[in-house]
Amino acid sequence: MGRDSVMTPEVKIVAGRRVLYVMATLAEYHSALKARFKPLICQVGPVEAALHMAQYLTANNKPDLVVSLGSAGSAVLEQVKVYQVSHVSYRDMDASPFGFEKGATPFLDLPAEVELKHMIPDMETATLSTGANVVSGDSYKSASADMVDMETWAIMRACLIYGVPIIGLRGISDGADPVSKYSDWTKYLEVIDQRLGEAVDILEAAITNKKITL
């Protein structure tokens, strides 16, 4: 288990619905989000995220909603702004030499880009690509999505298998310029924390007002 796993996640009750917030690392979890929930820390990358998400769903009562949230990179979206995920893809998967569509997992009945069915009304959307690498500079040209992260596809797959709805929220932490050091990612995380907190309030109000049906 990683060092971020020491915090026990808590399902939050919102208008009678059980909501589980999931984040990759405590590095993204600051004062605004700490005031709102205790997340499942799924660790960094698709493998760790899938393992921790599936382990949680196996061992606990299923929540009514999973919210995957944290930072993302983008060369085209506004930096430090929060977007909700409309579609998610898996950029590591490429079986195209065998005739499969790039991004589509062979023999899995899913498209290369999966639409998330539950959306927050009137919140700006963007497409998201998940993979095991940090995308920077010219690498964005090969990412077929507005923004990139390292966990949401894996969390989504576990949720699909267990029949749990998922919503994705991502704040843009980097991408306007090439990154070369850890602080290029972390320098805006506290600002993103504040804005994600605001987005969580909007989400929970939408659940309370039945604008999101679970």
# chains A, B, ... in the order shown; residues from 1 in each chain; ligands from 1
>>> closest_atom_pairs(of="stretch 123-208 of chain A", to="stretch 10-15 of chain A", cutoff="7 Å", atoms="only C-alpha atoms", output="JSON lines")
{"residue": "A:Glu204", "atom": "CA", "partner": "A:Val14", "partner_atom": "CA", "distance": 6.5}
{"residue": "A:Ile207", "atom": "CA", "partner": "A:Ala15", "partner_atom": "CA", "distance": 6.9}
{"residue": "A:Thr208", "atom": "CA", "partner": "A:Ala15", "partner_atom": "CA", "distance": 5.1}
>>> residues_around(residues="A:Arg18", least_positions_apart="6", cutoff="9 Å", atoms="only C-alpha atoms", output="PyMOL selection string")
chain A and resi 11-12+62-66
>>> residues_around(residues="stretch 162-168 of chain A", least_positions_apart="4", cutoff="10 Å", atoms="only C-alpha atoms", output="compact mmCIF listing (two decimals) with N, CA, C and O atoms, in the first residue's frame")
# COMPACT_ATOMS: atom_id res chain seq x y z
N VAL A 19 -22.35 9.27 -1.89
CA VAL A 19 -21.39 9.76 -2.88
C VAL A 19 -19.98 9.47 -2.39
O VAL A 19 -19.60 9.86 -1.28
N LEU A 20 -19.20 8.81 -3.24
CA LEU A 20 -17.79 8.54 -2.92
C LEU A 20 -16.91 9.38 -3.84
O LEU A 20 -16.98 9.28 -5.06
N TYR A 21 -16.08 10.21 -3.23
CA TYR A 21 -15.12 11.01 -3.98
C TYR A 21 -13.80 10.24 -4.07
O TYR A 21 -13.36 9.66 -3.07
N VAL A 22 -13.20 10.24 -5.26
CA VAL A 22 -11.97 9.48 -5.50
C VAL A 22 -10.91 10.42 -6.08
O VAL A 22 -11.16 11.13 -7.06
N ALA A 54 -11.50 -1.09 -7.55
CA ALA A 54 -12.16 -2.40 -7.51
C ALA A 54 -12.12 -3.00 -6.11
O ALA A 54 -13.10 -3.60 -5.65
N LEU A 57 -14.83 -1.25 -4.04
CA LEU A 57 -16.19 -1.64 -4.42
C LEU A 57 -16.49 -3.08 -4.04
O LEU A 57 -17.65 -3.43 -3.79
N THR A 58 -15.47 -3.92 -3.98
CA THR A 58 -15.66 -5.31 -3.57
C THR A 58 -15.90 -5.41 -2.07
O THR A 58 -16.73 -6.21 -1.61
N LYS A 62 -21.85 -0.57 -2.27
CA LYS A 62 -21.65 0.29 -3.43
C LYS A 62 -22.25 1.67 -3.18
O LYS A 62 -23.39 1.78 -2.71
N PRO A 63 -21.52 2.73 -3.51
CA PRO A 63 -22.10 4.08 -3.43
C PRO A 63 -23.10 4.28 -4.57
O PRO A 63 -23.13 3.50 -5.54
N ASP A 64 -23.91 5.32 -4.45
CA ASP A 64 -24.84 5.66 -5.52
C ASP A 64 -24.15 6.44 -6.64
O ASP A 64 -24.65 6.51 -7.76
N LEU A 65 -22.99 7.03 -6.32
CA LEU A 65 -22.24 7.81 -7.29
C LEU A 65 -20.78 7.85 -6.89
O LEU A 65 -20.46 8.03 -5.72
N VAL A 66 -19.90 7.68 -7.88
CA VAL A 66 -18.47 7.92 -7.70
C VAL A 66 -18.11 9.19 -8.44
O VAL A 66 -18.53 9.40 -9.58
N VAL A 67 -17.34 10.05 -7.79
CA VAL A 67 -16.85 11.28 -8.41
C VAL A 67 -15.33 11.20 -8.48
O VAL A 67 -14.66 11.19 -7.45
N SER A 68 -14.79 11.10 -9.69
CA SER A 68 -13.34 11.12 -9.91
C SER A 68 -12.93 12.57 -10.10
O SER A 68 -13.39 13.23 -11.03
N LEU A 69 -12.04 13.06 -9.25
CA LEU A 69 -11.67 14.47 -9.37
C LEU A 69 -10.21 14.68 -9.00
O LEU A 69 -9.59 13.88 -8.31
N GLY A 70 -9.67 15.79 -9.52
CA GLY A 70 -8.28 16.12 -9.29
C GLY A 70 -7.78 17.02 -10.40
O GLY A 70 -8.54 17.79 -10.99
N TYR A 83 -13.25 21.58 -15.38
CA TYR A 83 -14.15 21.05 -16.41
C TYR A 83 -14.70 19.72 -15.93
O TYR A 83 -14.03 18.97 -15.22
N GLN A 84 -15.92 19.41 -16.37
CA GLN A 84 -16.42 18.07 -16.13
C GLN A 84 -16.16 17.22 -17.36
O GLN A 84 -16.14 17.71 -18.49
N VAL A 85 -15.96 15.93 -17.14
CA VAL A 85 -15.58 15.01 -18.20
C VAL A 85 -16.82 14.55 -18.96
O VAL A 85 -17.74 13.99 -18.37
N SER A 86 -16.82 14.79 -20.26
CA SER A 86 -17.93 14.32 -21.09
C SER A 86 -17.66 12.92 -21.65
O SER A 86 -18.56 12.08 -21.71
N HIS A 87 -16.42 12.68 -22.07
CA HIS A 87 -16.00 11.40 -22.63
C HIS A 87 -14.59 11.09 -22.11
O HIS A 87 -13.78 12.00 -21.94
N VAL A 88 -14.31 9.81 -21.91
CA VAL A 88 -12.98 9.41 -21.44
C VAL A 88 -12.43 8.30 -22.33
O VAL A 88 -13.18 7.42 -22.78
N LEU A 116 -19.63 9.60 -20.58
CA LEU A 116 -20.14 9.51 -19.22
C LEU A 116 -21.59 9.98 -19.22
O LEU A 116 -21.91 11.06 -19.71
N LYS A 117 -22.46 9.18 -18.64
CA LYS A 117 -23.90 9.40 -18.78
C LYS A 117 -24.45 10.45 -17.81
O LYS A 117 -25.47 11.09 -18.09
N HIS A 118 -23.82 10.61 -16.67
CA HIS A 118 -24.33 11.54 -15.67
C HIS A 118 -23.54 12.84 -15.73
O HIS A 118 -22.31 12.83 -15.61
N MET A 119 -24.23 13.94 -15.91
CA MET A 119 -23.58 15.23 -16.10
C MET A 119 -24.20 16.28 -15.19
O MET A 119 -25.40 16.25 -14.88
N ILE A 120 -23.38 17.24 -14.78
CA ILE A 120 -23.84 18.37 -14.00
C ILE A 120 -24.38 19.42 -14.95
O ILE A 120 -23.65 19.88 -15.85
N THR A 125 -17.90 21.26 -20.27
CA THR A 125 -17.39 19.90 -20.42
C THR A 125 -16.13 19.87 -21.27
O THR A 125 -15.84 20.79 -22.03
N ALA A 126 -15.39 18.77 -21.15
CA ALA A 126 -14.22 18.53 -21.98
C ALA A 126 -13.99 17.02 -22.05
O ALA A 126 -14.40 16.28 -21.15
N LEU A 128 -11.49 13.68 -22.05
CA LEU A 128 -10.33 13.34 -21.21
C LEU A 128 -9.69 12.05 -21.70
O LEU A 128 -10.38 11.07 -22.00
N THR A 152 -8.79 8.39 -14.56
CA THR A 152 -10.25 8.36 -14.70
C THR A 152 -10.76 7.17 -15.51
O THR A 152 -11.79 6.58 -15.17
N TRP A 153 -10.06 6.78 -16.58
CA TRP A 153 -10.51 5.62 -17.35
C TRP A 153 -10.56 4.38 -16.46
O TRP A 153 -11.53 3.62 -16.49
N ILE A 155 -10.86 4.19 -13.18
CA ILE A 155 -11.96 4.31 -12.22
C ILE A 155 -13.29 4.04 -12.90
O ILE A 155 -14.16 3.34 -12.38
N MET A 156 -13.45 4.59 -14.11
CA MET A 156 -14.68 4.37 -14.87
C MET A 156 -14.91 2.89 -15.17
O MET A 156 -16.02 2.38 -15.06
N ARG A 157 -13.85 2.16 -15.55
CA ARG A 157 -13.99 0.73 -15.86
C ARG A 157 -14.45 -0.05 -14.63
O ARG A 157 -15.33 -0.91 -14.73
N ALA A 158 -13.86 0.24 -13.48
CA ALA A 158 -14.30 -0.45 -12.27
C ALA A 158 -15.76 -0.12 -11.97
O ALA A 158 -16.54 -1.00 -11.60
N LEU A 203 -22.27 20.34 -7.84
CA LEU A 203 -22.68 18.95 -8.03
C LEU A 203 -23.67 18.52 -6.96
O LEU A 203 -24.73 17.95 -7.26
N LEU A 214 -30.03 9.65 -9.78
CA LEU A 214 -29.20 8.49 -9.45
C LEU A 214 -30.07 7.31 -9.04
O LEU A 214 -31.16 7.48 -8.51
>>> closest_residue(among="A:Ala72, A:Leu26, A:Met53, A:Ile212", to="A:Arg170", atoms="only C-alpha atoms")
A:Ala72
>>> select_by_dssp(residues="stretch 25-208 of chain A", states="strand (DSSP E or B)", output="ChimeraX atom specification")
/A:40-41,65-73,82-90,113-115,125-130,147-149,166-174
>>> atom_distance(atom1="atom CA of A:Val47", atom2="atom CA of A:Ser89")
14.9 Å
>>> select_by_dssp(residues="chain A", states="helix (DSSP H, G or I)", output="PyMOL selection string")
chain A and resi 3-6+26-28+31-34+46-59+96-98+137-142+152-162+182-186+189-208
>>> closest_residue(among="A:Thr25, A:Arg195, A:Pro9, A:Asp138", to="A:Pro39", atoms="only C-alpha atoms")
A:Pro9
>>> atom_distance(atom1="atom CA of A:Ile41", atom2="atom CA of A:Met23")
5.1 Å
>>> atom_distance(atom1="atom CA of A:Ser129", atom2="atom CA of A:Gln43")
17.3 Å
>>> residues_around(residues="A:Thr105", least_positions_apart="6", cutoff="8 Å", atoms="only C-alpha atoms", output="number ranges by chain")
A: 93-95, 112
>>> write_last_selection(atoms="C-alpha atoms", output="PDB file, in the first residue's frame")
ATOM      1  CA  MET A  93      -4.199   1.054 -25.639  1.00  0.00           C
ATOM      2  CA  ASP A  94      -3.109   0.569 -29.244  1.00  0.00           C
ATOM      3  CA  ALA A  95      -3.809  -2.765 -30.921  1.00  0.00           C
ATOM      4  CA  ALA A 112     -12.368   3.866 -27.786  1.00  0.00           C
TER       5      ALA A 112
END
>>> closest_residue(among="A:Thr8, A:Ala132, A:Ser31, A:Pro121", to="A:Thr213", atoms="only C-alpha atoms")
A:Pro121
>>> residues_around(residues="stretch 174-178 of chain A", least_positions_apart="3", cutoff="10 Å", atoms="only C-alpha atoms", output="list in words")
Ser71, Ala72, Gly73, Ser74, Ala75, Val76, Leu77, Glu78, Gln79, Val80, Val135, Ser136, Gly137, Asp138, Ser139, Tyr140, Met147, Val148, Gly171, Lys181, Asp184, Trp185, Thr186, Lys187, Tyr188 and Leu189 of chain A
>>> closest_residue(among="A:Val114, A:Leu108, A:Asn209, A:Asp92", to="A:Ser142", atoms="only C-alpha atoms")
A:Asp92
